[in-house]
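For reference, the structure discussed in these notes is given below.
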2 protein chains.
Amino acid sequence: MIIKCMKSELISGINIVSKAVPSRTTLSIQECILIDARTSAITLTANDMEMGIETQITGIVEEKGAAAIDARMLSDIIRKLPENEVTISADENFHVKIVCEKANFQIMGKEWEDFSRIPYLEREEPVEISQFSLKEMIRQTIFSIAVNDSNKIMTGELFEINENILRVISLDGHRISIRTLAMKNNYPSRSVIVPGKTLQEIFKILPGDTESNVEIYFTQNHIMFVFDSTTVVSRLIEGTYFRVDQMISNDYETKVTINRRELVDCIDRSILLIREEDRKPIILNIANQKMELRINSQIGSMDEEIDIEMEGRDIMIGFNPKYLIDALRVIDDEKVDIYYMNAKAPCFIRDAAGSYIYLVLPVNFVV
Amino acid sequence: MIIKCMKSELISGINIVSKAVPSRTTLSIQECILIDARTSAITLTANDMEMGIETQITGIVEEKGAAAIDARMLSDIIRKLPENEVTISADENFHVKIVCEKANFQIMGKEWEDFSRIPYLEREEPVEISQFSLKEMIRQTIFSIAVNDSNKIMTGELFEINENILRVISLDGHRISIRTLAMKNNYPSRSVIVPGKTLQEIFKILPGDTESNVEIYFTQNHIMFVFDSTTVVSRLIEGTYFRVDQMISNDYETKVTINRRELVDCIDRSILLIREEDRKPIILNIANQKMELRINSQIGSMDEEIDIEMEGRDIMIGFNPKYLIDALRVIDDEKVDIYYMNAKAPCFIRDAAGSYIYLVLPVNFVV
């Protein structure tokens, strides 16, 4: 194989596929990036066996072939080269040469035929949404997946399609995040659980253009995202997702409209007083068109008052401040509406259009 | 004590003195920042008992007094406050209140009378140099102090004054860095060893203005740097420094003039092929107005050629690439002169004006 590409083109391709290079694996061949130039196109692939990413880069194939090169080494070398054309060649003994201007590197590649490529999926009936929308939906829900996988399903997000509505849901036992998007077309109903890790990586590599689309394909066990010259294939998480709709309620006793930024800043300050070990709640005292926030911990205490608009009964309720702030941070609205039932029931942060719903469970507290 | 300061003023004061807060200590009181407002001035102090920093900040003293507040906690709280005036008060029971707009923090301070302030030194006969020059001299030598303190003297830098010449020297057994500065005045001869840690922290907090000066005071056991409203006092390292002058030679067999950037980039690339465990040298082959750089490691090999101007004999010599690149990186000149004697003798990187000399020992290699 002999290919010639601009350094910048190689870097952007490597940056994309690197997200699927396993950090720890017993399959050392999968620590490589596969450079496939067996046709006139140049494709880079990485695959950690849960998720695989393939991307095409622009360049000239001078001699057809392929090479599997340790991802870290390839990335490090290319990054340090001058900003110019890079020639990568590999012979049948897997000797790899990387040349740019007067710099010559010689390293060992691996048996590229052993490399597990991404699975082949039929490209039928894609769901299409803009890159921007997908990126936003991931950002606005990904924070509330469960971090440890004692319950595997909680480490993923539900992607649910009903006619022209896409809903993305995550939950971790303390809170639920729901984002809803009206799409341009109707699609057959589907409901799949996508690994959180896959979505986190897609979030990083998706340019997020409003004008460009992502095509999403579904099969029994896989989901595939296709955008620009990149394809991401991921296994799905098996199982049935939680019945979220029965946890959501539109009833409330107290409705608060509050400046989101002020509330975020205030909670952010209160978090300073909490050490990992003591899970002190932040206590909201809502009355007289004001929300008083208060926290007491071993370190000290803090209180602050924010002007609000409110309807309904006064309420005093405690929350894990992290769960409140996580949801508030991803909302773009200047003002948010928060609905409370009583001190034992979850609060709901949601907009009138129904594009997002965040449910946060309260915690008990001693006054 | 009650003081009022703008948040920005507090932040910059805290940032300066924080450099002297010990990261680990058995004296928990020294983990505090002392706020001293017993006069109409407000002074912040931190002291890890090797180095102490004191800085004055602008603000109003409404009630005279002092407080010792955990440095981390103080810094975290102030940072999260709105950009506005902050009131800090402390009572005789060390209850501290921090108030900004509607945010109220209450935390516990410590017994400020137990806090070890910086030692009082007579301010006589300062040596004066510009902030810029001191900052540059530190930057251009600090990298070659020894990191582990099996030899305590090597962890410091020699500050040597002779008439109007200041020389700063560091060495670690593999290399020597020397920077020389002609000052405006003559001073009595002095020679002290300043802890590298002190210089690293001064480098961080020194604004580096060409128009403003640093006053440097010397006593038997301490050195004191005074600039803007900040005073840094550090213990000196006891002992006699190495006799560096007898290691320096002006003889050479080969003189090379080379583009510094090209050489740095090339060595930087070669370092990729070296793992911590195998200390492979980079081999320079100097002949025919070219320098060929070559490295061979378990990972692979790399070679590259750079056009040079040379005088004298051809030479092939090996170096630890890190030691070469460290020196080359801190030099500002576009082209550097490198002098070689033979493959067993150190090379010297030095300018015609004698403002810097970098000595690097070669390493053996097998061709």
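Labels for the structure tokens follow display order: chains A, B, ..., residues from 1 in each chain, ligands from 1.
Near chain B, counting only C-alpha atoms at 6 Å, the chain A residues are A:Lys80, A:Lys102, A:Ala103, A:Asn104, A:Phe105, A:Gln106, A:Ile107, A:Arg269, A:Gly300, A:Ser301, A:Met302, A:Asp303, A:Glu304.
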Since we have the selection now, will you write its residues out, keeping N, CA and C atoms, as an mmCIF file, in the first residue's frame?
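The file below, out_21.cif, is the result:
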data_model
loop_
_atom_site.group_PDB
_atom_site.id
_atom_site.type_symbol
_atom_site.label_atom_id
_atom_site.label_comp_id
_atom_site.auth_asym_id
_atom_site.auth_seq_id
_atom_site.Cartn_x
_atom_site.Cartn_y
_atom_site.Cartn_z
ATOM 1 N N LYS A 80 3.040 15.081 14.939
ATOM 2 C CA LYS A 80 4.334 15.771 15.048
ATOM 3 C C LYS A 80 4.936 16.107 13.691
ATOM 4 N N LYS A 102 11.471 15.849 5.040
ATOM 5 C CA LYS A 102 12.692 15.051 5.215
ATOM 6 C C LYS A 102 12.613 14.044 6.360
ATOM 7 N N ALA A 103 11.452 13.959 7.003
ATOM 8 C CA ALA A 103 11.318 13.035 8.137
ATOM 9 C C ALA A 103 10.853 11.665 7.653
ATOM 10 N N ASN A 104 11.564 10.628 8.078
ATOM 11 C CA ASN A 104 11.249 9.245 7.725
ATOM 12 C C ASN A 104 11.030 8.418 8.968
ATOM 13 N N PHE A 105 9.843 7.868 9.125
ATOM 14 C CA PHE A 105 9.613 6.947 10.227
ATOM 15 C C PHE A 105 9.462 5.537 9.674
ATOM 16 N N GLN A 106 10.001 4.559 10.404
ATOM 17 C CA GLN A 106 9.761 3.161 10.057
ATOM 18 C C GLN A 106 9.267 2.459 11.305
ATOM 19 N N ILE A 107 8.095 1.908 11.231
ATOM 20 C CA ILE A 107 7.556 1.176 12.379
ATOM 21 C C ILE A 107 6.924 -0.127 11.884
ATOM 22 N N ARG A 269 -22.623 27.432 43.763
ATOM 23 C CA ARG A 269 -21.939 27.882 44.983
ATOM 24 C C ARG A 269 -22.189 26.933 46.146
ATOM 25 N N GLY A 300 -19.729 24.121 56.549
ATOM 26 C CA GLY A 300 -20.302 25.426 56.844
ATOM 27 C C GLY A 300 -21.716 25.497 56.316
ATOM 28 N N SER A 301 -22.213 26.709 56.184
ATOM 29 C CA SER A 301 -23.567 26.841 55.675
ATOM 30 C C SER A 301 -23.598 27.952 54.652
ATOM 31 N N MET A 302 -24.636 27.933 53.834
ATOM 32 C CA MET A 302 -24.778 28.950 52.827
ATOM 33 C C MET A 302 -26.261 29.181 52.612
ATOM 34 N N ASP A 303 -26.672 30.409 52.436
ATOM 35 C CA ASP A 303 -28.048 30.643 52.016
ATOM 36 C C ASP A 303 -28.099 31.801 51.047
ATOM 37 N N GLU A 304 -29.117 31.789 50.223
ATOM 38 C CA GLU A 304 -29.248 32.793 49.176
ATOM 39 C C GLU A 304 -30.711 32.833 48.749
#
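Every residue of region 58-192 of chain A with a DSSP assignment of helix (DSSP H, G or I), taken from the backbone, is listed as Ala71, Arg72, Met73, Leu74, Ser75, Asp76, Ile77, Ile78, Arg79, Lys80, Trp112, Glu113, Asp114, Gln131, Phe132, Ser133, Leu134, Lys135, Glu136, Met137, Ile138, Arg139, Ile142, Phe143, Ser144, Lys152, Ile153, Met154 and Thr155 of chain A.
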File of the preceding selection, N, CA and C atoms, as a CSV table (one decimal), in the first residue's frame:
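Saved the output as selection_21.csv:
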chain,number,residue,atom,x,y,z
A,71,ALA,N,-2.9,2.6,17.0
A,71,ALA,CA,-3.6,3.9,16.9
A,71,ALA,C,-2.8,5.0,17.6
A,72,ARG,N,-2.3,4.8,18.7
A,72,ARG,CA,-1.6,5.8,19.5
A,72,ARG,C,-0.3,6.2,18.8
A,73,MET,N,0.4,5.2,18.3
A,73,MET,CA,1.7,5.5,17.6
A,73,MET,C,1.4,6.3,16.3
A,74,LEU,N,0.4,5.9,15.5
A,74,LEU,CA,0.0,6.6,14.3
A,74,LEU,C,-0.4,8.0,14.6
A,75,SER,N,-1.2,8.2,15.6
A,75,SER,CA,-1.7,9.5,15.9
A,75,SER,C,-0.5,10.4,16.4
A,76,ASP,N,0.3,9.9,17.2
A,76,ASP,CA,1.5,10.6,17.7
A,76,ASP,C,2.4,11.1,16.6
A,77,ILE,N,2.7,10.1,15.7
A,77,ILE,CA,3.7,10.4,14.7
A,77,ILE,C,3.1,11.5,13.7
A,78,ILE,N,1.8,11.3,13.3
A,78,ILE,CA,1.2,12.2,12.3
A,78,ILE,C,1.1,13.6,12.9
A,79,ARG,N,0.8,13.7,14.1
A,79,ARG,CA,0.6,15.0,14.8
A,79,ARG,C,1.9,15.8,14.8
A,80,LYS,N,3.0,15.1,14.9
A,80,LYS,CA,4.3,15.8,15.0
A,80,LYS,C,4.9,16.1,13.7
A,112,TRP,N,-3.1,-6.9,9.1
A,112,TRP,CA,-4.4,-6.2,8.9
A,112,TRP,C,-5.6,-7.1,8.6
A,113,GLU,N,-5.3,-8.3,8.1
A,113,GLU,CA,-6.4,-9.2,7.8
A,113,GLU,C,-7.1,-9.7,9.1
A,114,ASP,N,-6.4,-9.6,10.2
A,114,ASP,CA,-7.0,-10.0,11.5
A,114,ASP,C,-7.9,-9.0,12.1
A,131,GLN,N,-27.8,17.2,12.1
A,131,GLN,CA,-26.7,16.9,13.0
A,131,GLN,C,-26.8,17.7,14.3
A,132,PHE,N,-27.3,19.0,14.1
A,132,PHE,CA,-27.5,19.9,15.2
A,132,PHE,C,-28.4,19.3,16.2
A,133,SER,N,-29.6,18.8,15.7
A,133,SER,CA,-30.6,18.3,16.6
A,133,SER,C,-30.1,17.0,17.4
A,134,LEU,N,-29.4,16.1,16.7
A,134,LEU,CA,-29.0,14.9,17.4
A,134,LEU,C,-28.0,15.3,18.4
A,135,LYS,N,-27.1,16.2,18.1
A,135,LYS,CA,-26.1,16.6,19.1
A,135,LYS,C,-26.7,17.2,20.3
A,136,GLU,N,-27.7,18.1,20.1
A,136,GLU,CA,-28.4,18.7,21.2
A,136,GLU,C,-29.1,17.7,22.1
A,137,MET,N,-29.8,16.8,21.4
A,137,MET,CA,-30.5,15.8,22.2
A,137,MET,C,-29.6,14.9,23.0
A,138,ILE,N,-28.5,14.6,22.5
A,138,ILE,CA,-27.5,13.8,23.3
A,138,ILE,C,-27.0,14.7,24.5
A,139,ARG,N,-26.6,15.9,24.2
A,139,ARG,CA,-26.1,16.8,25.3
A,139,ARG,C,-27.1,16.9,26.4
A,142,ILE,N,-27.6,13.0,28.1
A,142,ILE,CA,-26.6,12.0,28.4
A,142,ILE,C,-26.1,12.1,29.9
A,143,PHE,N,-26.2,13.2,30.5
A,143,PHE,CA,-25.7,13.4,31.9
A,143,PHE,C,-26.5,12.5,32.9
A,144,SER,N,-27.7,12.1,32.6
A,144,SER,CA,-28.4,11.3,33.6
A,144,SER,C,-28.5,9.8,33.3
A,152,LYS,N,-27.5,-2.6,33.5
A,152,LYS,CA,-27.0,-2.3,32.2
A,152,LYS,C,-27.9,-1.3,31.4
A,153,ILE,N,-29.2,-1.5,31.6
A,153,ILE,CA,-30.1,-0.7,30.8
A,153,ILE,C,-30.0,0.8,31.1
A,154,MET,N,-29.7,1.1,32.4
A,154,MET,CA,-29.6,2.5,32.8
A,154,MET,C,-28.3,3.1,32.2
A,155,THR,N,-27.4,2.4,31.7
A,155,THR,CA,-26.2,3.0,31.1
A,155,THR,C,-26.4,3.4,29.6
### Query
Quick one: DSSP strand (DSSP E) residues in region 119-164 of chain B, as a ChimeraX atom specification?
/B:127-130,156-164
Take the residues from that selection and put them in a file with C-alpha atoms, as a compact mmCIF listing (two decimals), in the first residue's frame.
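What ended up in out23.txt:
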# COMPACT_ATOMS: atom_id res chain seq x y z
CA VAL B 127 19.70 43.98 43.84
CA GLU B 128 17.32 45.34 41.23
CA ILE B 129 16.48 43.75 37.91
CA SER B 130 13.45 43.98 35.68
CA GLY B 156 18.28 24.59 43.52
CA GLU B 157 19.81 27.21 41.28
CA LEU B 158 22.93 29.21 41.91
CA PHE B 159 22.37 32.98 41.97
CA GLU B 160 25.80 34.56 41.70
CA ILE B 161 26.52 38.28 41.66
CA ASN B 162 29.86 39.75 40.71
CA GLU B 163 29.96 43.53 40.29
CA ASN B 164 27.22 44.17 37.74
### Task
Pick out the residues sitting within 10 Å of Glu63 (chain A), and hand them over as an MDAnalysis selection string; count only C-alpha atoms, and ignore anything fewer than 3 positions along from it in its own chain.
chainID A and resid 1:4 37:40 60 66 89:90
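The shortest atom-to-atom distance to Ile283 (chain A), with only C-alpha atoms taken into account, belongs to A:Phe365 out of A:Tyr217, A:Phe365, A:Phe115, A:Tyr358.
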